[in-house]
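Visitor: As input, take model11.txt (compact mmCIF, C-alpha atoms):
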```txt
# COMPACT_ATOMS: atom_id res chain seq x y z
CA MET X 1 76.66 141.53 116.15
CA GLU X 2 75.49 143.63 119.05
CA LEU X 3 74.47 147.26 118.58
CA LYS X 4 74.90 150.10 121.02
CA SER X 5 72.86 153.26 121.08
CA ILE X 6 74.94 156.38 120.31
CA GLY X 7 72.06 158.77 120.95
CA ILE X 8 68.33 159.21 121.05
CA VAL X 9 65.68 160.81 118.83
CA ASN X 10 63.38 163.53 120.16
CA SER X 11 60.53 163.70 117.70
CA PRO X 12 56.96 165.00 117.50
CA PHE X 13 55.94 161.49 116.36
CA LYS X 14 55.01 159.86 119.66
CA VAL X 15 53.17 156.84 118.31
CA LYS X 16 53.15 155.00 114.99
CA LYS X 17 49.92 156.50 113.68
CA ASP X 18 51.38 160.04 114.04
CA SER X 19 54.49 159.31 112.02
CA PRO X 20 54.63 160.31 108.36
CA HIS X 21 54.64 157.67 105.65
CA GLN X 22 57.88 159.27 104.51
CA GLY X 23 59.71 161.82 106.65
CA ARG X 24 60.80 163.59 103.50
CA PHE X 25 57.31 164.91 102.94
CA SER X 26 56.97 166.34 106.45
CA GLU X 27 58.10 169.75 107.67
CA GLU X 28 58.28 168.59 111.29
CA ILE X 29 61.49 169.17 113.20
CA SER X 30 63.22 166.51 115.29
CA THR X 31 66.36 166.59 117.36
CA ILE X 32 68.99 163.92 117.75
CA GLU X 33 70.78 163.99 121.05
CA ILE X 34 74.13 162.29 120.69
CA PHE X 35 75.35 160.93 124.02
CA PRO X 36 78.17 163.03 125.53
CA GLU X 37 80.71 160.22 125.18
CA TYR X 38 80.30 160.40 121.37
CA ALA X 39 79.98 164.19 121.03
CA GLU X 40 83.53 164.61 119.72
CA ALA X 41 82.58 162.43 116.74
CA LEU X 42 80.32 165.28 115.54
CA ASP X 43 83.23 167.66 114.90
CA GLY X 44 82.85 169.15 111.43
CA ILE X 45 79.40 167.70 110.78
CA GLU X 46 77.97 171.20 110.19
CA LYS X 47 79.90 171.21 106.88
CA PHE X 48 77.21 168.88 105.56
CA SER X 49 73.70 170.00 104.66
CA ASN X 50 72.32 166.49 104.76
CA LEU X 51 72.95 163.33 106.74
CA PHE X 52 71.98 159.69 106.82
CA VAL X 53 70.56 158.64 110.15
CA ILE X 54 70.51 154.93 110.95
CA TYR X 55 68.28 154.19 113.91
CA TRP X 56 66.60 151.25 115.59
CA MET X 57 62.87 150.94 114.90
CA ASP X 58 62.17 149.62 118.37
CA ARG X 59 58.37 149.58 117.94
CA SER X 60 58.21 148.16 114.42
CA GLY X 61 56.49 144.86 115.15
CA PRO X 62 57.50 141.35 114.06
CA ALA X 63 59.31 140.84 110.75
CA SER X 64 57.28 139.78 107.73
CA LEU X 65 58.79 138.44 104.50
CA THR X 66 56.07 139.98 102.35
CA VAL X 67 54.04 143.14 102.80
CA VAL X 68 51.50 145.19 100.92
CA PRO X 69 53.32 148.51 100.37
CA HIS X 70 51.62 151.76 101.35
CA GLY X 71 49.15 152.75 98.63
CA ARG X 72 49.32 149.40 96.82
CA THR X 73 47.10 146.34 96.79
CA GLU X 74 49.51 143.48 95.98
CA LYS X 75 52.02 141.85 98.23
CA ARG X 76 55.69 142.43 97.57
CA GLY X 77 58.85 141.01 99.11
CA LEU X 78 59.94 142.99 102.15
CA PHE X 79 63.36 143.85 100.68
CA ALA X 80 61.56 145.48 97.75
CA THR X 81 59.85 147.87 100.20
CA ARG X 82 60.79 150.34 102.93
CA ALA X 83 58.28 148.81 105.35
CA PRO X 84 59.51 148.71 108.97
CA VAL X 85 58.76 145.02 109.69
CA ARG X 86 62.30 143.81 108.85
CA PRO X 87 64.50 140.94 110.11
CA ASN X 88 66.80 143.67 111.48
CA SER X 89 64.87 146.75 112.61
CA LEU X 90 67.27 149.20 110.95
CA GLY X 91 65.71 152.50 109.96
CA LEU X 92 67.50 154.58 107.33
CA CYS X 93 66.56 158.18 106.71
CA MET X 94 68.22 160.97 104.76
CA VAL X 95 67.67 164.21 106.68
CA GLU X 96 68.40 167.88 106.36
CA LEU X 97 70.70 169.23 109.06
CA VAL X 98 69.11 172.46 110.29
CA LYS X 99 71.68 173.18 112.99
CA ARG X 100 74.10 171.64 115.42
CA GLU X 101 74.34 172.86 118.99
CA GLY X 102 76.95 170.88 120.89
CA ASN X 103 75.82 167.28 120.97
CA VAL X 104 72.33 168.05 119.63
CA LEU X 105 71.46 167.93 115.93
CA THR X 106 68.26 169.61 114.78
CA VAL X 107 66.97 167.94 111.61
CA LYS X 108 64.10 167.85 109.13
CA TRP X 109 62.69 164.79 107.30
CA LEU X 110 63.43 162.25 110.05
CA ASP X 111 60.62 159.69 110.24
CA ALA X 112 61.74 158.03 113.50
CA LEU X 113 59.40 157.76 116.45
CA ASP X 114 60.20 159.73 119.59
CA GLN X 115 62.87 158.07 121.75
CA SER X 116 64.16 155.79 119.00
CA PRO X 117 67.76 154.69 119.64
CA VAL X 118 70.24 156.20 117.15
CA LEU X 119 72.92 153.84 115.80
CA ASP X 120 74.94 155.85 113.30
CA ILE X 121 75.17 159.21 111.54
CA LYS X 122 76.89 159.44 108.17
CA PRO X 123 77.31 162.49 105.95
CA PHE X 124 75.20 162.41 102.78
CA VAL X 125 77.50 162.71 99.76
CA PRO X 126 75.56 163.17 96.50
CA ASP X 127 78.43 161.86 94.33
CA ILE X 128 78.21 158.41 95.87
CA ASP X 129 74.69 158.37 97.31
CA CYS X 130 72.64 159.58 94.33
CA LEU X 131 72.30 158.65 90.69
CA MET D 1 69.67 145.24 119.88
CA GLU D 2 70.99 142.07 118.35
CA LEU D 3 71.50 141.75 114.60
CA LYS D 4 71.12 138.63 112.50
CA SER D 5 72.76 138.03 109.16
CA ILE D 6 70.26 137.77 106.29
CA GLY D 7 72.90 136.90 103.70
CA ILE D 8 76.53 137.13 102.75
CA VAL D 9 78.61 139.19 100.30
CA ASN D 10 80.75 137.51 97.66
CA SER D 11 83.17 140.17 96.52
CA PRO D 12 86.50 140.45 94.70
CA PHE D 13 87.73 142.52 97.66
CA LYS D 14 89.32 139.85 99.83
CA VAL D 15 91.30 142.13 102.15
CA LYS D 16 91.03 145.77 103.18
CA LYS D 17 93.83 147.03 100.96
CA ASP D 18 92.05 145.64 97.85
CA SER D 19 88.77 147.41 98.55
CA PRO D 20 87.96 150.66 96.78
CA HIS D 21 87.85 153.92 98.72
CA GLN D 22 84.32 154.25 97.39
CA GLY D 23 82.56 151.36 95.69
CA ARG D 24 80.81 153.84 93.44
CA PHE D 25 84.02 154.44 91.52
CA SER D 26 84.70 150.77 90.90
CA GLU D 27 83.38 148.64 88.05
CA GLU D 28 83.86 145.41 90.02
CA ILE D 29 80.93 143.06 90.38
CA SER D 30 79.85 141.48 93.68
CA THR D 31 77.07 139.12 94.52
CA ILE D 32 74.86 139.09 97.57
CA GLU D 33 73.57 135.68 98.52
CA ILE D 34 70.42 136.05 100.57
CA PHE D 35 69.88 133.04 102.82
CA PRO D 36 67.08 130.74 101.55
CA GLU D 37 64.86 131.47 104.56
CA TYR D 38 64.69 135.14 103.45
CA ALA D 39 64.51 134.56 99.67
CA GLU D 40 60.77 135.32 99.50
CA ALA D 41 61.51 138.84 100.78
CA LEU D 42 63.23 139.56 97.42
CA ASP D 43 59.99 139.24 95.41
CA GLY D 44 59.68 142.26 93.13
CA ILE D 45 63.15 143.65 93.87
CA GLU D 46 64.06 143.52 90.17
CA LYS D 47 61.67 146.47 89.68
CA PHE D 48 64.38 148.65 91.24
CA SER D 49 67.56 149.63 89.44
CA ASN D 50 69.35 150.57 92.65
CA LEU D 51 69.37 149.38 96.23
CA PHE D 52 70.77 150.30 99.61
CA VAL D 53 72.78 147.52 101.16
CA ILE D 54 73.39 147.66 104.90
CA TYR D 55 76.10 145.25 105.95
CA TRP D 56 78.34 144.56 108.91
CA MET D 57 81.92 145.71 108.51
CA ASP D 58 83.30 142.78 110.47
CA ARG D 59 86.97 143.64 109.86
CA SER D 60 86.75 147.41 110.38
CA GLY D 61 88.95 147.72 113.46
CA PRO D 62 88.19 149.50 116.73
CA ALA D 63 85.99 152.61 116.74
CA SER D 64 87.66 156.01 116.77
CA LEU D 65 85.85 159.26 117.55
CA THR D 66 88.03 161.29 115.18
CA VAL D 67 89.72 160.29 111.95
CA VAL D 68 91.69 161.91 109.16
CA PRO D 69 89.44 161.41 106.11
CA HIS D 70 90.87 159.87 102.94
CA GLY D 71 92.76 162.53 101.01
CA ARG D 72 92.74 165.07 103.86
CA THR D 73 95.28 166.12 106.46
CA GLU D 74 93.12 167.31 109.36
CA LYS D 75 91.18 165.25 111.84
CA ARG D 76 87.40 165.32 111.70
CA GLY D 77 84.70 163.81 113.87
CA LEU D 78 83.85 160.28 112.82
CA PHE D 79 80.16 161.07 112.16
CA ALA D 80 81.31 163.71 109.66
CA THR D 81 83.08 160.97 107.67
CA ARG D 82 82.27 157.64 106.05
CA ALA D 83 85.28 155.97 107.70
CA PRO D 84 84.61 152.37 108.80
CA VAL D 85 85.88 152.65 112.40
CA ARG D 86 82.42 153.36 113.91
CA PRO D 87 80.77 152.60 117.27
CA ASN D 88 78.40 150.34 115.31
CA SER D 89 80.11 148.72 112.30
CA LEU D 90 77.22 149.44 109.94
CA GLY D 91 78.24 149.75 106.30
CA LEU D 92 75.85 151.58 103.97
CA CYS D 93 76.26 151.41 100.22
CA MET D 94 74.00 152.40 97.34
CA VAL D 95 74.46 149.83 94.59
CA GLU D 96 73.26 149.14 91.07
CA LEU D 97 71.25 145.95 90.74
CA VAL D 98 72.63 144.16 87.67
CA LYS D 99 70.42 141.08 87.97
CA ARG D 100 68.60 138.83 90.36
CA GLU D 101 68.75 135.07 90.03
CA GLY D 102 66.69 133.41 92.74
CA ASN D 103 68.24 134.38 96.06
CA VAL D 104 71.38 135.87 94.51
CA LEU D 105 71.69 139.58 93.65
CA THR D 106 74.46 140.64 91.30
CA VAL D 107 75.46 144.24 92.00
CA LYS D 108 77.91 146.99 91.11
CA TRP D 109 79.39 149.67 93.42
CA LEU D 110 79.35 147.56 96.60
CA ASP D 111 82.44 148.31 98.69
CA ALA D 112 82.02 145.46 101.19
CA LEU D 113 84.79 142.95 101.79
CA ASP D 114 84.24 139.36 100.72
CA GLN D 115 82.12 137.38 103.19
CA SER D 116 80.71 140.43 104.98
CA PRO D 117 77.40 139.69 106.70
CA VAL D 118 74.42 141.40 105.06
CA LEU D 119 71.87 142.98 107.40
CA ASP D 120 69.28 144.65 105.20
CA ILE D 121 68.40 145.48 101.61
CA LYS D 122 66.18 148.49 100.88
CA PRO D 123 65.08 149.82 97.50
CA PHE D 124 66.69 153.14 96.54
CA VAL D 125 63.95 155.70 95.91
CA PRO D 126 65.32 158.95 94.44
CA ASP D 127 62.33 161.03 95.62
CA ILE D 128 63.18 160.41 99.26
CA ASP D 129 66.87 159.45 99.11
CA CYS D 130 68.28 162.26 96.96
CA LEU D 131 68.19 166.02 96.96
```
Let me see whether you can do it: turn the structure in this file into structure tokens.
Guide:
Amino acid sequence: MELKSIGIVNSPFKVKKDSPHQGRFSEEISTIEIFPEYAEALDGIEKFSNLFVIYWMDRSGPASLTVVPHGRTEKRGLFATRAPVRPNSLGLCMVELVKREGNVLTVKWLDALDQSPVLDIKPFVPDIDCL
Amino acid sequence: MELKSIGIVNSPFKVKKDSPHQGRFSEEISTIEIFPEYAEALDGIEKFSNLFVIYWMDRSGPASLTVVPHGRTEKRGLFATRAPVRPNSLGLCMVELVKREGNVLTVKWLDALDQSPVLDIKPFVPDIDCL
């Protein structure tokens, strides 16, 4: 199971300590540059106000089976947290699509570090993605 | 970017034509068997009623940059759809956690085919994952 990058994140979060605990609570703007060979796959994406971005957390550090979640004091199993130190460094973030210009998506709420490889974009569909 | 399987899906959906268009609209039950070496990472997961499952759609067919979405007649860019024929075969599904027994999660709403490799489990957190 080999992944390929379909694009790259341009974000104000250059290093880990700058990045928000949750992108959702940040007003910062990022862009996602989809590589030209995949640009056609964006057709119609502006119909959606929100997207899931799956990206590779390439600076996340080694996986750990237990972690102390942000703001807590007791260890918890990694899969019961959103901590980045995962067996597969897959980041998942629901973002607001501000605009699309060609192969560039401008988004809010993305917590990815600058230059993170993008793996997939899926439309957010409240009927199946929310309670 | 190389992925490793952290578990396997056991599902009533043995072949593509049996699988629901959206798992959310199915009452079928699946189980996710997390491999013993990752079982500790499930500690505390039963605190969450819902989870994101990221899995590998190993029988999804070759990627296509445009598709005609289910129930539509016009082509749309792949990233504006949830179609499985993606550059990276990453399946994303929000599921209901029915129960956890050791390293086995019993879930509803999962649309993965039987024996799909599981890549990540993340808790669903409405404050950041919903509008």
Visitor: Could you please select, counting all atoms listed in the file, the residues of chain X within 9 Å of chain D and state them as a PyMOL selection string?
Guide: chain X and resi 1-6+22-25+38-48+50-51+54+56+58+64-67+75-82+86-90+92-95+119-123+126-131
Visitor: Would you list the contacts of stretch 7-13 of chain X as a PyMOL selection string, taking every protein, DNA or RNA residue within 8 Å and counting all atoms listed in the file, but skipping same-chain residues closer than 5 positions in sequence?
Guide: chain X and resi 18-19+28-35+111-119
Visitor: Tell me, in Å to one decimal, how far atom CA of X:Pro20 is from atom CA of X:Pro84.
Guide: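 About the pair atom CA of X:Pro20 and atom CA of X:Pro84: they are 12.6 Å apart.
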Visitor: Pick out the closest residue to D:Val104 from this set: D:Val85, D:Pro36, D:Ala63, D:Arg72. Count only C-alpha atoms.
Guide: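 For D:Val104, the nearest of the candidates is D:Pro36.
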Visitor: What separation in Å, quoted to one decimal, exists between atom CA of D:Val15 and atom CA of D:Glu101?
Guide: 26.6 Å
Visitor: Mind fitting chain D onto chain X over all Cα atoms in sequence order and sending the result as a PDB file with C-alpha atoms, in the frame of the given file?
Guide:
```
ATOM      1  CA  MET D   1      76.657 141.532 116.132  1.00  0.00           C
ATOM      2  CA  GLU D   2      75.503 143.630 119.030  1.00  0.00           C
ATOM      3  CA  LEU D   3      74.484 147.258 118.561  1.00  0.00           C
ATOM      4  CA  LYS D   4      74.909 150.089 121.029  1.00  0.00           C
ATOM      5  CA  SER D   5      72.874 153.261 121.090  1.00  0.00           C
ATOM      6  CA  ILE D   6      74.935 156.377 120.316  1.00  0.00           C
ATOM      7  CA  GLY D   7      72.060 158.777 120.956  1.00  0.00           C
ATOM      8  CA  ILE D   8      68.327 159.213 121.057  1.00  0.00           C
ATOM      9  CA  VAL D   9      65.682 160.825 118.826  1.00  0.00           C
ATOM     10  CA  ASN D  10      63.385 163.529 120.159  1.00  0.00           C
ATOM     11  CA  SER D  11      60.530 163.693 117.699  1.00  0.00           C
ATOM     12  CA  PRO D  12      56.957 164.990 117.509  1.00  0.00           C
ATOM     13  CA  PHE D  13      55.947 161.490 116.373  1.00  0.00           C
ATOM     14  CA  LYS D  14      55.017 159.872 119.672  1.00  0.00           C
ATOM     15  CA  VAL D  15      53.151 156.850 118.300  1.00  0.00           C
ATOM     16  CA  LYS D  16      53.145 154.997 114.991  1.00  0.00           C
ATOM     17  CA  LYS D  17      49.920 156.499 113.689  1.00  0.00           C
ATOM     18  CA  ASP D  18      51.369 160.040 114.055  1.00  0.00           C
ATOM     19  CA  SER D  19      54.488 159.313 112.024  1.00  0.00           C
ATOM     20  CA  PRO D  20      54.643 160.313 108.373  1.00  0.00           C
ATOM     21  CA  HIS D  21      54.659 157.658 105.661  1.00  0.00           C
ATOM     22  CA  GLN D  22      57.890 159.267 104.517  1.00  0.00           C
ATOM     23  CA  GLY D  23      59.704 161.816 106.650  1.00  0.00           C
ATOM     24  CA  ARG D  24      60.800 163.576 103.492  1.00  0.00           C
ATOM     25  CA  PHE D  25      57.294 164.905 102.954  1.00  0.00           C
ATOM     26  CA  SER D  26      56.961 166.323 106.446  1.00  0.00           C
ATOM     27  CA  GLU D  27      58.084 169.742 107.651  1.00  0.00           C
ATOM     28  CA  GLU D  28      58.280 168.583 111.279  1.00  0.00           C
ATOM     29  CA  ILE D  29      61.484 169.153 113.188  1.00  0.00           C
ATOM     30  CA  SER D  30      63.217 166.490 115.300  1.00  0.00           C
ATOM     31  CA  THR D  31      66.347 166.583 117.350  1.00  0.00           C
ATOM     32  CA  ILE D  32      68.972 163.912 117.744  1.00  0.00           C
ATOM     33  CA  GLU D  33      70.777 163.984 121.051  1.00  0.00           C
ATOM     34  CA  ILE D  34      74.131 162.286 120.694  1.00  0.00           C
ATOM     35  CA  PHE D  35      75.345 160.921 124.023  1.00  0.00           C
ATOM     36  CA  PRO D  36      78.174 163.033 125.532  1.00  0.00           C
ATOM     37  CA  GLU D  37      80.715 160.214 125.185  1.00  0.00           C
ATOM     38  CA  TYR D  38      80.291 160.402 121.375  1.00  0.00           C
ATOM     39  CA  ALA D  39      79.975 164.203 121.046  1.00  0.00           C
ATOM     40  CA  GLU D  40      83.535 164.614 119.722  1.00  0.00           C
ATOM     41  CA  ALA D  41      82.588 162.433 116.735  1.00  0.00           C
ATOM     42  CA  LEU D  42      80.317 165.290 115.533  1.00  0.00           C
ATOM     43  CA  ASP D  43      83.239 167.679 114.903  1.00  0.00           C
ATOM     44  CA  GLY D  44      82.854 169.168 111.431  1.00  0.00           C
ATOM     45  CA  ILE D  45      79.394 167.712 110.777  1.00  0.00           C
ATOM     46  CA  GLU D  46      77.968 171.200 110.195  1.00  0.00           C
ATOM     47  CA  LYS D  47      79.899 171.225 106.890  1.00  0.00           C
ATOM     48  CA  PHE D  48      77.215 168.874 105.549  1.00  0.00           C
ATOM     49  CA  SER D  49      73.711 169.997 104.668  1.00  0.00           C
ATOM     50  CA  ASN D  50      72.319 166.469 104.759  1.00  0.00           C
ATOM     51  CA  LEU D  51      72.968 163.313 106.722  1.00  0.00           C
ATOM     52  CA  PHE D  52      71.986 159.672 106.813  1.00  0.00           C
ATOM     53  CA  VAL D  53      70.565 158.629 110.140  1.00  0.00           C
ATOM     54  CA  ILE D  54      70.504 154.924 110.946  1.00  0.00           C
ATOM     55  CA  TYR D  55      68.278 154.191 113.907  1.00  0.00           C
ATOM     56  CA  TRP D  56      66.597 151.251 115.576  1.00  0.00           C
ATOM     57  CA  MET D  57      62.888 150.939 114.910  1.00  0.00           C
ATOM     58  CA  ASP D  58      62.164 149.611 118.380  1.00  0.00           C
ATOM     59  CA  ARG D  59      58.369 149.561 117.958  1.00  0.00           C
ATOM     60  CA  SER D  60      58.223 148.161 114.416  1.00  0.00           C
ATOM     61  CA  GLY D  61      56.483 144.866 115.144  1.00  0.00           C
ATOM     62  CA  PRO D  62      57.506 141.370 114.063  1.00  0.00           C
ATOM     63  CA  ALA D  63      59.306 140.852 110.745  1.00  0.00           C
ATOM     64  CA  SER D  64      57.275 139.795 107.728  1.00  0.00           C
ATOM     65  CA  LEU D  65      58.790 138.457 104.509  1.00  0.00           C
ATOM     66  CA  THR D  66      56.062 139.987 102.339  1.00  0.00           C
ATOM     67  CA  VAL D  67      54.040 143.145 102.818  1.00  0.00           C
ATOM     68  CA  VAL D  68      51.504 145.204 100.916  1.00  0.00           C
ATOM     69  CA  PRO D  69      53.320 148.523 100.370  1.00  0.00           C
ATOM     70  CA  HIS D  70      51.625 151.786 101.343  1.00  0.00           C
ATOM     71  CA  GLY D  71      49.174 152.772  98.624  1.00  0.00           C
ATOM     72  CA  ARG D  72      49.320 149.408  96.825  1.00  0.00           C
ATOM     73  CA  THR D  73      47.088 146.353  96.783  1.00  0.00           C
ATOM     74  CA  GLU D  74      49.500 143.520  95.977  1.00  0.00           C
ATOM     75  CA  LYS D  75      52.013 141.864  98.236  1.00  0.00           C
ATOM     76  CA  ARG D  76      55.696 142.420  97.576  1.00  0.00           C
ATOM     77  CA  GLY D  77      58.845 141.015  99.122  1.00  0.00           C
ATOM     78  CA  LEU D  78      59.935 142.991 102.154  1.00  0.00           C
ATOM     79  CA  PHE D  79      63.369 143.860 100.697  1.00  0.00           C
ATOM     80  CA  ALA D  80      61.562 145.485  97.758  1.00  0.00           C
ATOM     81  CA  THR D  81      59.848 147.868 100.204  1.00  0.00           C
ATOM     82  CA  ARG D  82      60.791 150.338 102.920  1.00  0.00           C
ATOM     83  CA  ALA D  83      58.274 148.811 105.350  1.00  0.00           C
ATOM     84  CA  PRO D  84      59.514 148.713 108.965  1.00  0.00           C
ATOM     85  CA  VAL D  85      58.767 145.032 109.703  1.00  0.00           C
ATOM     86  CA  ARG D  86      62.306 143.806 108.850  1.00  0.00           C
ATOM     87  CA  PRO D  87      64.513 140.950 110.101  1.00  0.00           C
ATOM     88  CA  ASN D  88      66.813 143.666 111.479  1.00  0.00           C
ATOM     89  CA  SER D  89      64.876 146.762 112.607  1.00  0.00           C
ATOM     90  CA  LEU D  90      67.281 149.192 110.948  1.00  0.00           C
ATOM     91  CA  GLY D  91      65.705 152.501 109.973  1.00  0.00           C
ATOM     92  CA  LEU D  92      67.494 154.572 107.327  1.00  0.00           C
ATOM     93  CA  CYS D  93      66.556 158.175 106.698  1.00  0.00           C
ATOM     94  CA  MET D  94      68.234 160.966 104.755  1.00  0.00           C
ATOM     95  CA  VAL D  95      67.674 164.190 106.671  1.00  0.00           C
ATOM     96  CA  GLU D  96      68.411 167.887 106.356  1.00  0.00           C
ATOM     97  CA  LEU D  97      70.708 169.221 109.053  1.00  0.00           C
ATOM     98  CA  VAL D  98      69.106 172.454 110.282  1.00  0.00           C
ATOM     99  CA  LYS D  99      71.680 173.178 112.986  1.00  0.00           C
ATOM    100  CA  ARG D 100      74.083 171.641 115.426  1.00  0.00           C
ATOM    101  CA  GLU D 101      74.324 172.864 118.991  1.00  0.00           C
ATOM    102  CA  GLY D 102      76.942 170.902 120.900  1.00  0.00           C
ATOM    103  CA  ASN D 103      75.798 167.289 120.952  1.00  0.00           C
ATOM    104  CA  VAL D 104      72.312 168.051 119.631  1.00  0.00           C
ATOM    105  CA  LEU D 105      71.448 167.932 115.911  1.00  0.00           C
ATOM    106  CA  THR D 106      68.256 169.612 114.767  1.00  0.00           C
ATOM    107  CA  VAL D 107      66.959 167.939 111.610  1.00  0.00           C
ATOM    108  CA  LYS D 108      64.101 167.836 109.124  1.00  0.00           C
ATOM    109  CA  TRP D 109      62.677 164.784 107.290  1.00  0.00           C
ATOM    110  CA  LEU D 110      63.433 162.246 110.038  1.00  0.00           C
ATOM    111  CA  ASP D 111      60.621 159.692 110.250  1.00  0.00           C
ATOM    112  CA  ALA D 112      61.735 158.034 113.500  1.00  0.00           C
ATOM    113  CA  LEU D 113      59.395 157.751 116.463  1.00  0.00           C
ATOM    114  CA  ASP D 114      60.195 159.725 119.593  1.00  0.00           C
ATOM    115  CA  GLN D 115      62.873 158.080 121.746  1.00  0.00           C
ATOM    116  CA  SER D 116      64.168 155.772 119.009  1.00  0.00           C
ATOM    117  CA  PRO D 117      67.760 154.683 119.621  1.00  0.00           C
ATOM    118  CA  VAL D 118      70.244 156.187 117.160  1.00  0.00           C
ATOM    119  CA  LEU D 119      72.911 153.843 115.794  1.00  0.00           C
ATOM    120  CA  ASP D 120      74.935 155.851 113.302  1.00  0.00           C
ATOM    121  CA  ILE D 121      75.171 159.205 111.555  1.00  0.00           C
ATOM    122  CA  LYS D 122      76.893 159.426 108.163  1.00  0.00           C
ATOM    123  CA  PRO D 123      77.318 162.481 105.951  1.00  0.00           C
ATOM    124  CA  PHE D 124      75.208 162.403 102.776  1.00  0.00           C
ATOM    125  CA  VAL D 125      77.508 162.699  99.763  1.00  0.00           C
ATOM    126  CA  PRO D 126      75.567 163.157  96.504  1.00  0.00           C
ATOM    127  CA  ASP D 127      78.436 161.858  94.327  1.00  0.00           C
ATOM    128  CA  ILE D 128      78.212 158.408  95.878  1.00  0.00           C
ATOM    129  CA  ASP D 129      74.678 158.360  97.315  1.00  0.00           C
ATOM    130  CA  CYS D 130      72.647 159.576  94.331  1.00  0.00           C
ATOM    131  CA  LEU D 131      72.298 158.664  90.699  1.00  0.00           C
TER     132      LEU D 131
END
```
Visitor: Using atom CA of X:Gly71 and atom CA of X:Lys17 as the two end points, give the distance in Å to one decimal.
Guide: 15.5 Å
